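Content type CSV, C-alpha atoms and all ligand atoms, from the file start.csv:
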```csv
chain,number,residue,atom,x,y,z
A,1,MET,CA,-22.9,-11.5,17.6
A,2,LYS,CA,-21.0,-8.5,18.7
A,3,VAL,CA,-18.2,-7.7,16.2
A,4,GLY,CA,-15.4,-5.1,16.6
A,5,ILE,CA,-13.9,-3.5,13.5
A,6,LEU,CA,-10.7,-1.5,13.1
A,7,THR,CA,-8.5,0.0,10.4
A,8,GLY,CA,-4.7,-0.1,11.1
A,9,GLY,CA,-1.5,1.1,9.3
A,10,GLY,CA,-1.4,3.7,6.5
A,11,ASP,CA,-4.8,4.7,5.2
A,12,CYS,CA,-6.0,3.6,1.8
A,13,PRO,CA,-8.9,4.4,-0.5
A,14,GLY,CA,-11.5,1.7,0.0
A,15,LEU,CA,-11.3,1.3,3.8
A,16,ASN,CA,-14.7,2.9,4.2
A,17,GLY,CA,-16.1,0.5,1.5
A,18,VAL,CA,-15.0,-2.5,3.6
A,19,ILE,CA,-16.6,-1.1,6.8
A,20,ARG,CA,-19.8,-0.4,4.9
A,21,GLY,CA,-19.9,-3.8,3.2
A,22,ALA,CA,-19.3,-5.6,6.5
A,23,LEU,CA,-21.9,-3.6,8.4
A,24,TYR,CA,-24.6,-4.0,5.7
A,25,ARG,CA,-24.0,-7.8,5.4
A,26,GLY,CA,-23.5,-8.3,9.1
A,27,ILE,CA,-26.5,-6.3,10.3
A,28,LEU,CA,-29.0,-7.2,7.6
A,29,ASN,CA,-28.1,-10.8,7.0
A,30,HIS,CA,-26.4,-12.1,10.1
A,31,ASP,CA,-28.0,-10.1,12.9
A,32,MET,CA,-24.7,-8.7,14.1
A,33,GLU,CA,-24.0,-5.6,16.2
A,34,PHE,CA,-20.8,-3.6,15.5
A,35,VAL,CA,-18.3,-1.7,17.5
A,36,GLY,CA,-15.9,0.6,15.7
A,37,LEU,CA,-12.4,0.8,17.4
A,38,LYS,CA,-10.7,4.1,16.7
A,39,PHE,CA,-7.2,4.6,15.5
A,40,GLY,CA,-6.5,1.0,14.8
A,41,TRP,CA,-5.0,-1.2,17.5
A,42,ARG,CA,-4.7,1.9,19.7
A,43,GLY,CA,-8.4,1.9,20.1
A,44,LEU,CA,-8.3,-1.6,21.5
A,45,LEU,CA,-5.4,-0.8,23.8
A,46,GLU,CA,-6.9,2.5,25.1
A,47,MET,CA,-10.6,1.5,24.8
A,48,MET,CA,-11.5,4.2,22.3
A,49,TYR,CA,-14.6,2.9,20.5
A,50,ARG,CA,-18.1,3.7,19.4
A,51,PRO,CA,-21.1,1.7,18.3
A,52,LEU,CA,-21.6,1.6,14.5
A,53,GLY,CA,-24.9,1.3,12.7
A,54,LEU,CA,-26.1,1.6,9.1
A,55,ASP,CA,-26.7,5.3,9.5
A,56,ASP,CA,-23.0,5.8,10.1
A,57,VAL,CA,-21.9,4.1,6.9
A,58,ARG,CA,-24.7,4.7,4.3
A,59,GLU,CA,-22.9,7.6,2.6
A,60,ILE,CA,-19.2,6.6,3.0
A,61,LEU,CA,-18.5,4.4,0.0
A,62,PRO,CA,-17.0,7.3,-2.1
A,63,VAL,CA,-15.2,8.8,0.7
A,64,GLY,CA,-11.4,8.4,1.0
A,65,GLY,CA,-9.5,7.7,4.3
A,66,THR,CA,-11.2,5.8,7.1
A,67,ILE,CA,-14.1,7.0,9.3
A,68,LEU,CA,-12.5,5.0,12.1
A,69,ARG,CA,-9.2,6.8,11.8
A,70,THR,CA,-5.9,4.8,11.9
A,71,SER,CA,-2.5,4.5,13.5
A,72,ARG,CA,0.6,2.4,13.3
A,73,THR,CA,0.3,1.2,16.9
A,74,ASN,CA,1.5,-2.4,17.3
A,75,PRO,CA,-0.5,-4.2,20.0
A,76,THR,CA,2.2,-6.9,20.2
A,77,LYS,CA,5.1,-4.6,20.7
A,78,THR,CA,5.3,-5.8,24.2
A,79,GLU,CA,3.9,-8.9,26.0
A,80,GLU,CA,2.0,-6.6,28.3
A,81,ASP,CA,0.3,-4.7,25.4
A,82,ALA,CA,-0.7,-7.9,23.9
A,83,ARG,CA,-2.3,-9.0,27.1
A,84,ILE,CA,-4.1,-5.7,27.5
A,85,ALA,CA,-5.5,-5.9,23.9
A,86,LEU,CA,-6.8,-9.4,24.5
A,87,ALA,CA,-8.3,-8.5,27.9
A,88,ASN,CA,-10.0,-5.5,26.4
A,89,PHE,CA,-11.4,-7.6,23.5
A,90,HIS,CA,-13.1,-9.8,26.1
A,91,GLU,CA,-14.1,-6.9,28.3
A,92,LEU,CA,-16.0,-5.3,25.4
A,93,GLY,CA,-17.9,-8.5,25.0
A,94,LEU,CA,-16.7,-9.0,21.4
A,95,ASP,CA,-17.3,-12.3,19.7
A,96,ALA,CA,-15.0,-11.4,16.9
A,97,LEU,CA,-12.9,-8.7,15.4
A,98,ILE,CA,-12.5,-7.6,11.8
A,99,ALA,CA,-9.0,-6.2,11.4
A,100,ILE,CA,-8.5,-4.2,8.2
A,101,GLY,CA,-4.8,-3.6,7.4
A,102,GLY,CA,-1.6,-4.5,5.8
A,103,GLU,CA,1.1,-7.0,6.7
A,104,ASP,CA,1.7,-5.3,10.1
A,105,THR,CA,-1.9,-5.1,11.2
A,106,LEU,CA,-2.7,-8.6,10.0
A,107,GLY,CA,0.6,-10.0,11.5
A,108,ALA,CA,-0.4,-8.5,14.9
A,109,ALA,CA,-4.0,-10.0,14.5
A,110,TYR,CA,-2.4,-13.4,13.8
A,111,ARG,CA,-0.1,-13.2,16.8
A,112,LEU,CA,-2.9,-12.3,19.2
A,113,TRP,CA,-5.0,-15.1,17.8
A,114,GLN,CA,-2.1,-17.5,18.4
A,115,MET,CA,-1.9,-16.3,22.0
A,116,ASP,CA,-5.6,-16.8,22.7
A,117,ASP,CA,-7.8,-18.8,20.4
A,118,SER,CA,-11.0,-17.3,21.8
A,119,PHE,CA,-9.8,-14.1,20.2
A,120,ALA,CA,-11.7,-14.7,16.9
A,121,VAL,CA,-10.3,-12.5,14.2
A,122,VAL,CA,-10.8,-12.1,10.4
A,123,GLY,CA,-8.4,-10.0,8.5
A,124,VAL,CA,-9.0,-7.8,5.5
A,125,PRO,CA,-5.9,-7.0,3.4
A,126,LYS,CA,-5.3,-3.4,2.4
A,127,THR,CA,-2.5,-1.4,1.0
A,128,ILE,CA,-2.0,0.9,-2.0
A,129,ASP,CA,1.4,-0.9,-2.4
A,130,ASN,CA,-0.4,-4.1,-3.7
A,131,ASP,CA,2.4,-6.1,-2.1
A,132,LEU,CA,0.5,-8.6,0.1
A,133,SER,CA,1.1,-12.2,-0.9
A,134,GLY,CA,-2.2,-13.4,0.4
A,135,THR,CA,-4.4,-11.8,-2.3
A,136,ASP,CA,-4.1,-11.2,-6.1
A,137,ILE,CA,-4.9,-7.5,-5.7
A,138,THR,CA,-5.4,-5.2,-2.7
A,139,PHE,CA,-8.0,-2.4,-2.8
A,140,GLY,CA,-6.5,1.1,-2.9
A,141,PHE,CA,-3.9,0.1,-5.5
A,142,ASP,CA,-6.2,0.9,-8.5
A,143,THR,CA,-6.9,4.4,-7.1
A,144,ALA,CA,-3.2,5.0,-6.5
A,145,ILE,CA,-2.1,4.0,-10.0
A,146,ASN,CA,-4.9,6.1,-11.5
A,147,ILE,CA,-3.8,9.1,-9.6
A,148,ALA,CA,-0.1,8.5,-10.5
A,149,THR,CA,-0.9,7.9,-14.1
A,150,GLU,CA,-2.8,11.2,-14.3
A,151,ALA,CA,0.1,12.9,-12.6
A,152,ILE,CA,2.6,11.5,-15.2
A,153,ASP,CA,0.3,12.6,-18.0
A,154,ARG,CA,0.3,16.1,-16.6
A,155,LEU,CA,4.1,16.1,-16.0
A,156,ARG,CA,4.6,15.0,-19.7
A,157,THR,CA,3.0,18.2,-21.1
A,158,THR,CA,5.1,20.5,-18.9
A,159,ALA,CA,8.3,18.5,-19.5
A,160,ARG,CA,7.7,18.7,-23.2
A,161,SER,CA,7.1,22.5,-23.2
A,162,HIS,CA,10.4,23.1,-21.3
A,163,ASN,CA,12.6,20.3,-22.9
A,164,ARG,CA,13.2,18.8,-19.5
A,165,VAL,CA,13.5,15.4,-17.8
A,166,ILE,CA,11.0,15.1,-15.0
A,167,VAL,CA,11.7,12.4,-12.4
A,168,VAL,CA,8.6,11.3,-10.6
A,169,GLU,CA,9.1,9.4,-7.3
A,170,LEU,CA,6.3,7.0,-6.4
A,171,MET,CA,5.3,5.1,-3.2
A,172,GLY,CA,5.3,1.4,-2.8
A,173,ARG,CA,7.9,0.8,-0.1
A,174,ASN,CA,9.9,-2.3,-1.2
A,175,ALA,CA,7.7,-3.3,-4.0
A,176,GLY,CA,7.5,-1.7,-7.4
A,177,TRP,CA,3.8,-2.3,-8.4
A,178,ILE,CA,2.8,1.4,-8.3
A,179,THR,CA,5.8,2.6,-10.3
A,180,MET,CA,5.6,-0.3,-12.8
A,181,GLU,CA,1.9,0.0,-13.6
A,182,ALA,CA,1.6,3.8,-13.4
A,183,GLY,CA,4.9,4.0,-15.3
A,184,LEU,CA,3.6,1.7,-18.1
A,185,ALA,CA,0.2,3.4,-18.2
A,186,GLY,CA,1.8,6.8,-18.3
A,187,SER,CA,4.4,5.7,-20.9
A,188,ALA,CA,7.4,6.7,-18.7
A,189,ASP,CA,10.6,6.4,-20.7
A,190,ILE,CA,12.5,4.9,-17.8
A,191,ILE,CA,11.1,2.8,-14.9
A,192,LEU,CA,13.2,2.0,-11.8
A,193,VAL,CA,11.8,-0.4,-9.2
A,194,PRO,CA,13.2,-2.0,-6.0
A,195,GLU,CA,13.0,-5.5,-7.4
A,196,LYS,CA,15.9,-4.6,-9.8
A,197,PRO,CA,18.7,-2.6,-8.3
A,198,PHE,CA,19.9,-0.2,-11.0
A,199,ASP,CA,23.2,1.1,-12.3
A,200,LEU,CA,23.2,4.9,-12.5
A,201,ASP,CA,25.1,5.0,-15.8
A,202,LYS,CA,23.8,1.9,-17.5
A,203,ASP,CA,20.2,2.1,-16.5
A,204,LEU,CA,19.6,5.8,-16.3
A,205,LEU,CA,22.1,8.3,-17.7
A,206,GLU,CA,23.2,6.4,-20.8
A,207,PRO,CA,19.7,5.6,-22.0
A,208,LEU,CA,18.6,9.2,-21.4
A,209,LYS,CA,21.7,10.5,-23.3
A,210,GLU,CA,20.9,8.2,-26.2
A,211,LEU,CA,17.3,9.5,-26.3
A,212,HIS,CA,18.5,13.1,-26.2
A,213,GLU,CA,21.0,12.6,-28.9
A,214,ALA,CA,18.4,10.9,-31.0
A,215,GLY,CA,16.3,14.1,-30.9
A,216,ARG,CA,14.0,13.6,-27.9
A,217,GLU,CA,13.4,16.8,-26.2
A,218,TYR,CA,11.9,15.7,-22.9
A,219,ALA,CA,11.7,12.5,-20.9
A,220,ILE,CA,9.8,11.0,-17.9
A,221,VAL,CA,11.6,8.8,-15.4
A,222,ALA,CA,9.3,6.9,-12.9
A,223,VAL,CA,11.2,5.8,-9.8
A,224,SER,CA,10.1,3.9,-6.7
A,225,GLU,CA,10.8,5.4,-3.3
A,226,GLY,CA,12.4,2.1,-2.5
A,227,ALA,CA,14.5,1.7,-5.7
A,228,LYS,CA,18.1,0.8,-5.0
A,229,ILE,CA,21.3,1.7,-6.6
A,230,GLU,CA,23.3,-1.4,-7.4
A,231,VAL,CA,26.5,-1.6,-5.5
A,232,ASP,CA,27.6,-5.1,-6.3
A,233,GLU,CA,25.9,-7.9,-8.1
A,234,ASP,CA,25.7,-9.9,-4.9
A,235,VAL,CA,24.7,-7.1,-2.6
A,236,ASP,CA,21.1,-5.9,-2.4
A,237,GLY,CA,21.8,-2.2,-3.1
A,238,SER,CA,21.4,0.9,-1.1
A,239,LEU,CA,18.2,2.7,-0.2
A,240,PHE,CA,17.4,6.3,0.3
A,241,PHE,CA,15.8,7.4,3.5
A,242,GLN,CA,13.9,10.5,4.5
A,243,ASP,CA,15.0,9.8,8.1
A,244,ALA,CA,16.3,6.7,9.8
A,245,GLU,CA,13.7,6.6,12.6
A,246,ARG,CA,11.7,3.4,12.6
A,247,ASP,CA,8.0,3.1,13.3
A,248,GLU,CA,6.6,0.5,15.8
A,249,PHE,CA,6.8,-2.2,13.2
A,250,GLY,CA,10.4,-1.4,12.3
A,251,HIS,CA,9.9,0.5,9.1
A,252,ILE,CA,12.1,3.3,8.0
A,253,ARG,CA,10.6,6.3,6.0
A,254,LEU,CA,11.8,5.9,2.4
A,255,GLY,CA,12.2,8.8,0.0
A,256,GLY,CA,14.6,11.2,-1.6
A,257,ILE,CA,15.8,9.2,-4.6
A,258,GLY,CA,13.9,11.4,-7.1
A,259,LYS,CA,15.8,14.5,-6.1
A,260,ILE,CA,19.1,12.7,-6.2
A,261,LEU,CA,18.5,11.3,-9.7
A,262,SER,CA,17.3,14.6,-11.0
A,263,ASN,CA,20.5,16.3,-9.8
A,264,GLU,CA,22.6,13.6,-11.4
A,265,ILE,CA,20.8,14.0,-14.7
A,266,GLU,CA,21.5,17.8,-14.8
A,267,GLU,CA,25.1,17.5,-13.7
A,268,ARG,CA,26.2,14.5,-15.6
A,269,ILE,CA,24.4,14.7,-19.0
A,270,ASP,CA,23.5,18.4,-19.0
A,271,TRP,CA,19.8,18.0,-19.5
A,272,GLU,CA,17.6,20.3,-17.5
A,273,SER,CA,15.7,18.2,-14.9
A,274,ARG,CA,13.0,18.6,-12.2
A,275,HIS,CA,11.7,16.0,-9.7
A,276,VAL,CA,8.3,15.5,-8.2
A,277,VAL,CA,7.4,13.4,-5.2
A,278,LEU,CA,3.8,12.3,-5.5
A,279,GLY,CA,3.8,11.1,-1.9
A,280,HIS,CA,0.5,10.9,0.0
A,281,LEU,CA,-1.5,12.3,-3.0
A,282,GLN,CA,-1.4,8.6,-4.0
A,283,ARG,CA,-3.3,7.6,-0.9
A,284,GLY,CA,-5.9,10.4,-0.5
A,285,GLY,CA,-9.3,11.0,-2.0
A,286,ALA,CA,-12.1,9.0,-3.5
A,287,PRO,CA,-11.6,5.4,-4.5
A,288,THR,CA,-12.0,4.3,-8.1
A,289,ALA,CA,-15.1,2.2,-9.0
A,290,PHE,CA,-12.8,-0.9,-9.0
A,291,ASP,CA,-11.7,-0.2,-5.4
A,292,ARG,CA,-15.2,0.6,-4.3
A,293,VAL,CA,-16.4,-2.8,-5.6
A,294,LEU,CA,-13.4,-4.8,-4.3
A,295,SER,CA,-13.6,-3.2,-0.9
A,296,THR,CA,-17.3,-3.8,-0.7
A,297,ARG,CA,-16.8,-7.5,-1.6
A,298,PHE,CA,-14.0,-7.8,1.0
A,299,GLY,CA,-16.3,-6.3,3.7
A,300,ILE,CA,-19.2,-8.7,2.8
A,301,ALA,CA,-16.8,-11.7,2.8
A,302,ALA,CA,-15.4,-10.7,6.2
A,303,ALA,CA,-18.8,-10.5,7.8
A,304,ASP,CA,-19.7,-13.9,6.2
A,305,ALA,CA,-16.5,-15.5,7.6
A,306,VAL,CA,-17.3,-14.2,11.1
A,307,ALA,CA,-20.8,-15.5,10.8
A,308,GLU,CA,-19.4,-18.9,9.8
A,309,GLY,CA,-17.3,-19.0,12.9
A,310,LYS,CA,-14.0,-18.7,11.0
A,311,SER,CA,-11.0,-17.2,12.7
A,312,GLY,CA,-7.3,-16.8,11.9
A,313,VAL,CA,-8.4,-16.2,8.2
A,314,MET,CA,-8.2,-13.3,5.9
A,315,VAL,CA,-10.4,-12.5,2.9
A,316,SER,CA,-8.6,-12.6,-0.4
A,317,LEU,CA,-9.2,-12.1,-4.2
A,318,ARG,CA,-8.2,-15.2,-6.1
A,319,GLY,CA,-8.8,-14.8,-9.8
A,320,THR,CA,-12.3,-13.3,-9.8
A,321,ASP,CA,-13.5,-14.8,-6.5
A,322,VAL,CA,-13.3,-13.4,-3.0
A,323,ILE,CA,-12.6,-16.3,-0.6
A,324,ALA,CA,-11.3,-16.7,3.0
A,325,VAL,CA,-7.8,-18.2,3.3
A,326,ASP,CA,-5.8,-19.1,6.4
A,327,MET,CA,-3.6,-16.2,7.5
A,328,THR,CA,-0.8,-18.6,8.5
A,329,ASP,CA,1.2,-18.6,5.3
A,330,GLU,CA,-0.4,-15.6,3.6
A,331,ILE,CA,1.0,-12.7,5.6
A,332,LYS,CA,4.6,-13.8,5.9
A,333,ASP,CA,6.0,-12.5,2.6
A,334,ILE,CA,5.5,-9.5,0.6
A,335,ARG,CA,4.6,-10.0,-3.1
A,336,ARG,CA,7.0,-8.3,-5.5
A,337,LEU,CA,7.2,-7.8,-9.2
A,338,SER,CA,8.0,-11.1,-11.0
A,339,GLN,CA,10.6,-11.5,-13.7
A,340,ASN,CA,7.8,-11.2,-16.3
A,341,TRP,CA,7.2,-7.7,-15.3
A,342,LEU,CA,10.9,-6.8,-15.1
A,343,ASP,CA,11.3,-8.2,-18.6
A,344,ILE,CA,8.9,-5.7,-20.1
A,345,LYS,CA,9.9,-2.7,-18.1
A,346,ASP,CA,12.7,-1.5,-20.4
A,347,LEU,CA,10.9,-2.0,-23.7
A,348,PHE,CA,9.8,1.6,-24.1
A,349,ARG,CA,13.1,3.3,-23.7
A,350,LYS,CA,13.6,4.2,-27.3
B,401,LIG,O1,2.4,1.3,2.8
B,401,LIG,C1,1.7,2.4,2.2
B,401,LIG,C2,2.7,3.5,2.2
B,401,LIG,O2,2.0,4.6,1.6
B,401,LIG,C3,4.0,3.3,1.5
B,401,LIG,O3,3.9,3.3,0.1
B,401,LIG,C4,4.8,4.4,2.0
B,401,LIG,O4,6.2,4.1,2.1
B,401,LIG,C5,4.3,4.5,3.4
B,401,LIG,O5,3.0,4.0,3.5
B,401,LIG,C6,4.3,6.0,3.9
B,401,LIG,O6,3.9,5.9,5.3
B,401,LIG,P1,3.5,7.2,6.1
B,401,LIG,O7,2.1,7.6,5.8
B,401,LIG,O8,3.7,6.8,7.5
B,401,LIG,O9,4.4,8.3,5.7
```
What would the structure in this file look like if it were written as structure tokens?
Amino acid sequence: MKVGILTGGGDCPGLNGVIRGALYRGILNHDMEFVGLKFGWRGLLEMMYRPLGLDDVREILPVGGTILRTSRTNPTKTEEDARIALANFHELGLDALIAIGGEDTLGAAYRLWQMDDSFAVVGVPKTIDNDLSGTDITFGFDTAINIATEAIDRLRTTARSHNRVIVVELMGRNAGWITMEAGLAGSADIILVPEKPFDLDKDLLEPLKELHEAGREYAIVAVSEGAKIEVDEDVDGSLFFQDAERDEFGHIRLGGIGKILSNEIEERIDWESRHVVLGHLQRGGAPTAFDRVLSTRFGIAAADAVAEGKSGVMVSLRGTDVIAVDMTDEIKDIRRLSQNWLDIKDLFRK
């Protein structure tokens, strides 16, 4: 079998682990041949590809990013692009494609498969945000929260030395997983996530003031880039944008809330404050052991699914098992923090 493989969307530690796992399993156990498409779906649209063998992947497990490179190109942006993508898939003589990506990449894979059922595709879910509903955990998340936790630990010692509040802004788009778990692991005093729009006074300034008056000399606030200020109980709240330009999948660049909160803290409760945006540090560098293993298992499972003739499926971690599930229902919704998580988020404010 000739199998194409691509990585789409934002990069993520562990992408190389999936590629390596799929190639080892596919070549050694299923007699497959692999073609790497470069820059995600752009590689399929513009025919940018190269053959991939074991020599290309032997050393890549600990390496962050993706050896195939990536882009946010949407191959279903227009009907014509979708037709080109499908025609090129056949022209390359591919029997199947392994598409590694988040909701956008997998959504596009699913739409192409719906248009042409001879376009055999197996998805592999990835994102540092951990917000894909089709799997219990995505690889990349563990690396991101370890980097963020270490950053919070470091910020704590400088905040303490200077009697400051440090506001750390974390990625995650519209889900608060990174902020919640890194915030808990790093013992942040205040955790603000998109799932619960917050009131500036009630949820930030008053608790901080109380802490200060009780003798605390420094504090750490962990806030999601997608956290929202409550405007009205019935309205979803307002987001902060870096700019309002949308990518090909319609996403706006979030960010800026950390600075705003830090300014409010200094002005309104007279406590010196600084802000830090962790940004892409959360996505770069070597994957943790957990992410190396999960991504390897996902790659192996993807090659197995292709060998079994499955299509329109994605691999998924369910409990401790990696299985293949239908993409149909799995890619529709993003998975967000449940009430159980929100219930414990304010426990450590004192
Ligand atoms: O989805 C992963 C993610 O890192 C989000 O947490 C963040 O909002 C976004 O990608 C940033 O995207 P870009 O790399 O295009 O700035």
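Around His30 (chain A), within 9 Å and counting all atoms listed in the file, the residues found are Met1, Arg25, Ala303, Asp304 and Ala307 of chain A, once anything fewer than 5 positions away on its own chain is removed.
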Val193 (chain A) surroundings by all atoms listed in the file, 8 Å radius, close-in-sequence under 3 positions cut, as an mmCIF file with C-alpha atoms, in the frame of the given file:
```
data_model
loop_
_atom_site.group_PDB
_atom_site.id
_atom_site.type_symbol
_atom_site.label_atom_id
_atom_site.label_comp_id
_atom_site.auth_asym_id
_atom_site.auth_seq_id
_atom_site.Cartn_x
_atom_site.Cartn_y
_atom_site.Cartn_z
ATOM 1 C CA ALA A 175 7.700 -3.300 -4.000
ATOM 2 C CA GLY A 176 7.500 -1.700 -7.400
ATOM 3 C CA THR A 179 5.800 2.600 -10.300
ATOM 4 C CA MET A 180 5.600 -0.300 -12.800
ATOM 5 C CA LYS A 196 15.900 -4.600 -9.800
ATOM 6 C CA PRO A 197 18.700 -2.600 -8.300
ATOM 7 C CA VAL A 223 11.200 5.800 -9.800
ATOM 8 C CA SER A 224 10.100 3.900 -6.700
ATOM 9 C CA GLY A 226 12.400 2.100 -2.500
ATOM 10 C CA ALA A 227 14.500 1.700 -5.700
ATOM 11 C CA LYS A 228 18.100 0.800 -5.000
#
```
Residue contacts of Met314 (chain A) (8 Å, all atoms listed in the file) excluding same-chain residues fewer than 5 positions away, as a ChimeraX atom specification: /A:122-125,302,324-327
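Counting all atoms listed in the file and comparing A:Arg297, A:Lys332, A:Arg173, A:His275, the residue that lies closest to ligand LIG 401 (chain B) is A:Arg173.
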Of the listed residues A:Cys12, A:Leu208, A:Ile190, A:Val168, that which approaches Gly65 (chain A) most closely, counting all atoms listed in the file: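 Of A:Cys12, A:Leu208, A:Ile190, A:Val168, the one nearest Gly65 (chain A), counting all atoms listed in the file, is A:Cys12.
Of the residues under consideration (A:Gly102, A:Gly186, A:Pro194, A:Gly172), A:Gly172 shows the shortest atom-to-atom contact distance to ligand LIG 401 (chain B) when counting all atoms listed in the file.
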Spatial neighbours of Thr76 (chain A), 12 Å, only C-alpha atoms, chain gap at least 3 places, as a list in words: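 These residues fall inside the cut-off: Trp41, Arg42, Leu44, Leu45, Arg72, Thr73, Glu79, Glu80, Asp81, Ala82, Arg83, Ile84, Ala85, Leu86, Asp104, Thr105, Leu106, Gly107, Ala108, Ala109, Tyr110, Arg111, Leu112, Trp113, Gln114, Met115, Glu248 and Phe249 of chain A.
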Using C-alpha atoms, can you write the selected residues to a file as a CSV table (one decimal), in the frame of the given file?
```csv
chain,number,residue,atom,x,y,z
A,41,TRP,CA,-5.0,-1.2,17.5
A,42,ARG,CA,-4.7,1.9,19.7
A,44,LEU,CA,-8.3,-1.6,21.5
A,45,LEU,CA,-5.4,-0.8,23.8
A,72,ARG,CA,0.6,2.4,13.3
A,73,THR,CA,0.3,1.2,16.9
A,79,GLU,CA,3.9,-8.9,26.0
A,80,GLU,CA,2.0,-6.6,28.3
A,81,ASP,CA,0.3,-4.7,25.4
A,82,ALA,CA,-0.7,-7.9,23.9
A,83,ARG,CA,-2.3,-9.0,27.1
A,84,ILE,CA,-4.1,-5.7,27.5
A,85,ALA,CA,-5.5,-5.9,23.9
A,86,LEU,CA,-6.8,-9.4,24.5
A,104,ASP,CA,1.7,-5.3,10.1
A,105,THR,CA,-1.9,-5.1,11.2
A,106,LEU,CA,-2.7,-8.6,10.0
A,107,GLY,CA,0.6,-10.0,11.5
A,108,ALA,CA,-0.4,-8.5,14.9
A,109,ALA,CA,-4.0,-10.0,14.5
A,110,TYR,CA,-2.4,-13.4,13.8
A,111,ARG,CA,-0.1,-13.2,16.8
A,112,LEU,CA,-2.9,-12.3,19.2
A,113,TRP,CA,-5.0,-15.1,17.8
A,114,GLN,CA,-2.1,-17.5,18.4
A,115,MET,CA,-1.9,-16.3,22.0
A,248,GLU,CA,6.6,0.5,15.8
A,249,PHE,CA,6.8,-2.2,13.2
```
Expected answer as a list in words: residues within 6 Å of ligand LIG 401 (chain B), all atoms listed in the file: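 Taking all atoms listed in the file into account, the residues around ligand LIG 401 (chain B) at most 6 Å away are Gly10, Thr127, Ile128, Asp129, Met171, Gly172, Arg173 and Leu254 of chain A.
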Residues as selected, C-alpha atoms, written as a PDB file, keeping the file's coordinate frame, can you do that?
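Below is the file again.pdb, written as the result:
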```pdb
ATOM      1  CA  GLY A  10      -1.400   3.700   6.500  1.00  0.00           C
ATOM      2  CA  THR A 127      -2.500  -1.400   1.000  1.00  0.00           C
ATOM      3  CA  ILE A 128      -2.000   0.900  -2.000  1.00  0.00           C
ATOM      4  CA  ASP A 129       1.400  -0.900  -2.400  1.00  0.00           C
ATOM      5  CA  MET A 171       5.300   5.100  -3.200  1.00  0.00           C
ATOM      6  CA  GLY A 172       5.300   1.400  -2.800  1.00  0.00           C
ATOM      7  CA  ARG A 173       7.900   0.800  -0.100  1.00  0.00           C
ATOM      8  CA  LEU A 254      11.800   5.900   2.400  1.00  0.00           C
TER       9      LEU A 254
END
```
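As for CA of Ser187 (chain A) and CA of Lys126 (chain A), they are spaced 26.8 Å apart.
Considering the residues A:Gly215, A:Gly312, A:Gly134, A:Pro62 and counting only C-alpha atoms, Asp117 (chain A) has its shortest atom-to-atom contact with A:Gly312.
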Surrounding residues of Glu59 (chain A) excluding itself and chain neighbours under 2 positions, 12 Å, only C-alpha atoms, as a PyMOL selection string: chain A and resi 16-17+19-21+54-57+61-64+67
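Atom to atom, CA of Ala286 (chain A) and CA of Ile300 (chain A) stand 20.1 Å apart.
Distance check against Ile145 (chain A) using all atoms listed in the file: of A:Gly40, A:Pro13, A:Gly309, A:Gly4, the minimum falls on A:Pro13.
Relative to CA of Glu308 (chain A), CA of Ala120 (chain A) is found at 11.3 Å.
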Nearest residue to Asp270 (chain A) from the set A:Lys202, A:Asn163, A:His251, A:Ile191 (distances using all atoms listed in the file):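 Using all atoms listed in the file, Asp270 (chain A) sits closest to A:Asn163.
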To test the calculation: enclose all listed atoms of region 216-230 of chain A in a box whose edges run along x, y and z, add 3 Å on each side, then state centre and edge lengths in Å to one decimal, as lines of an AutoDock Vina configuration file.
```
center_x = 16.3
center_y = 7.7
center_z = -15.2
size_x = 20.0
size_y = 24.2
size_z = 31.4
```
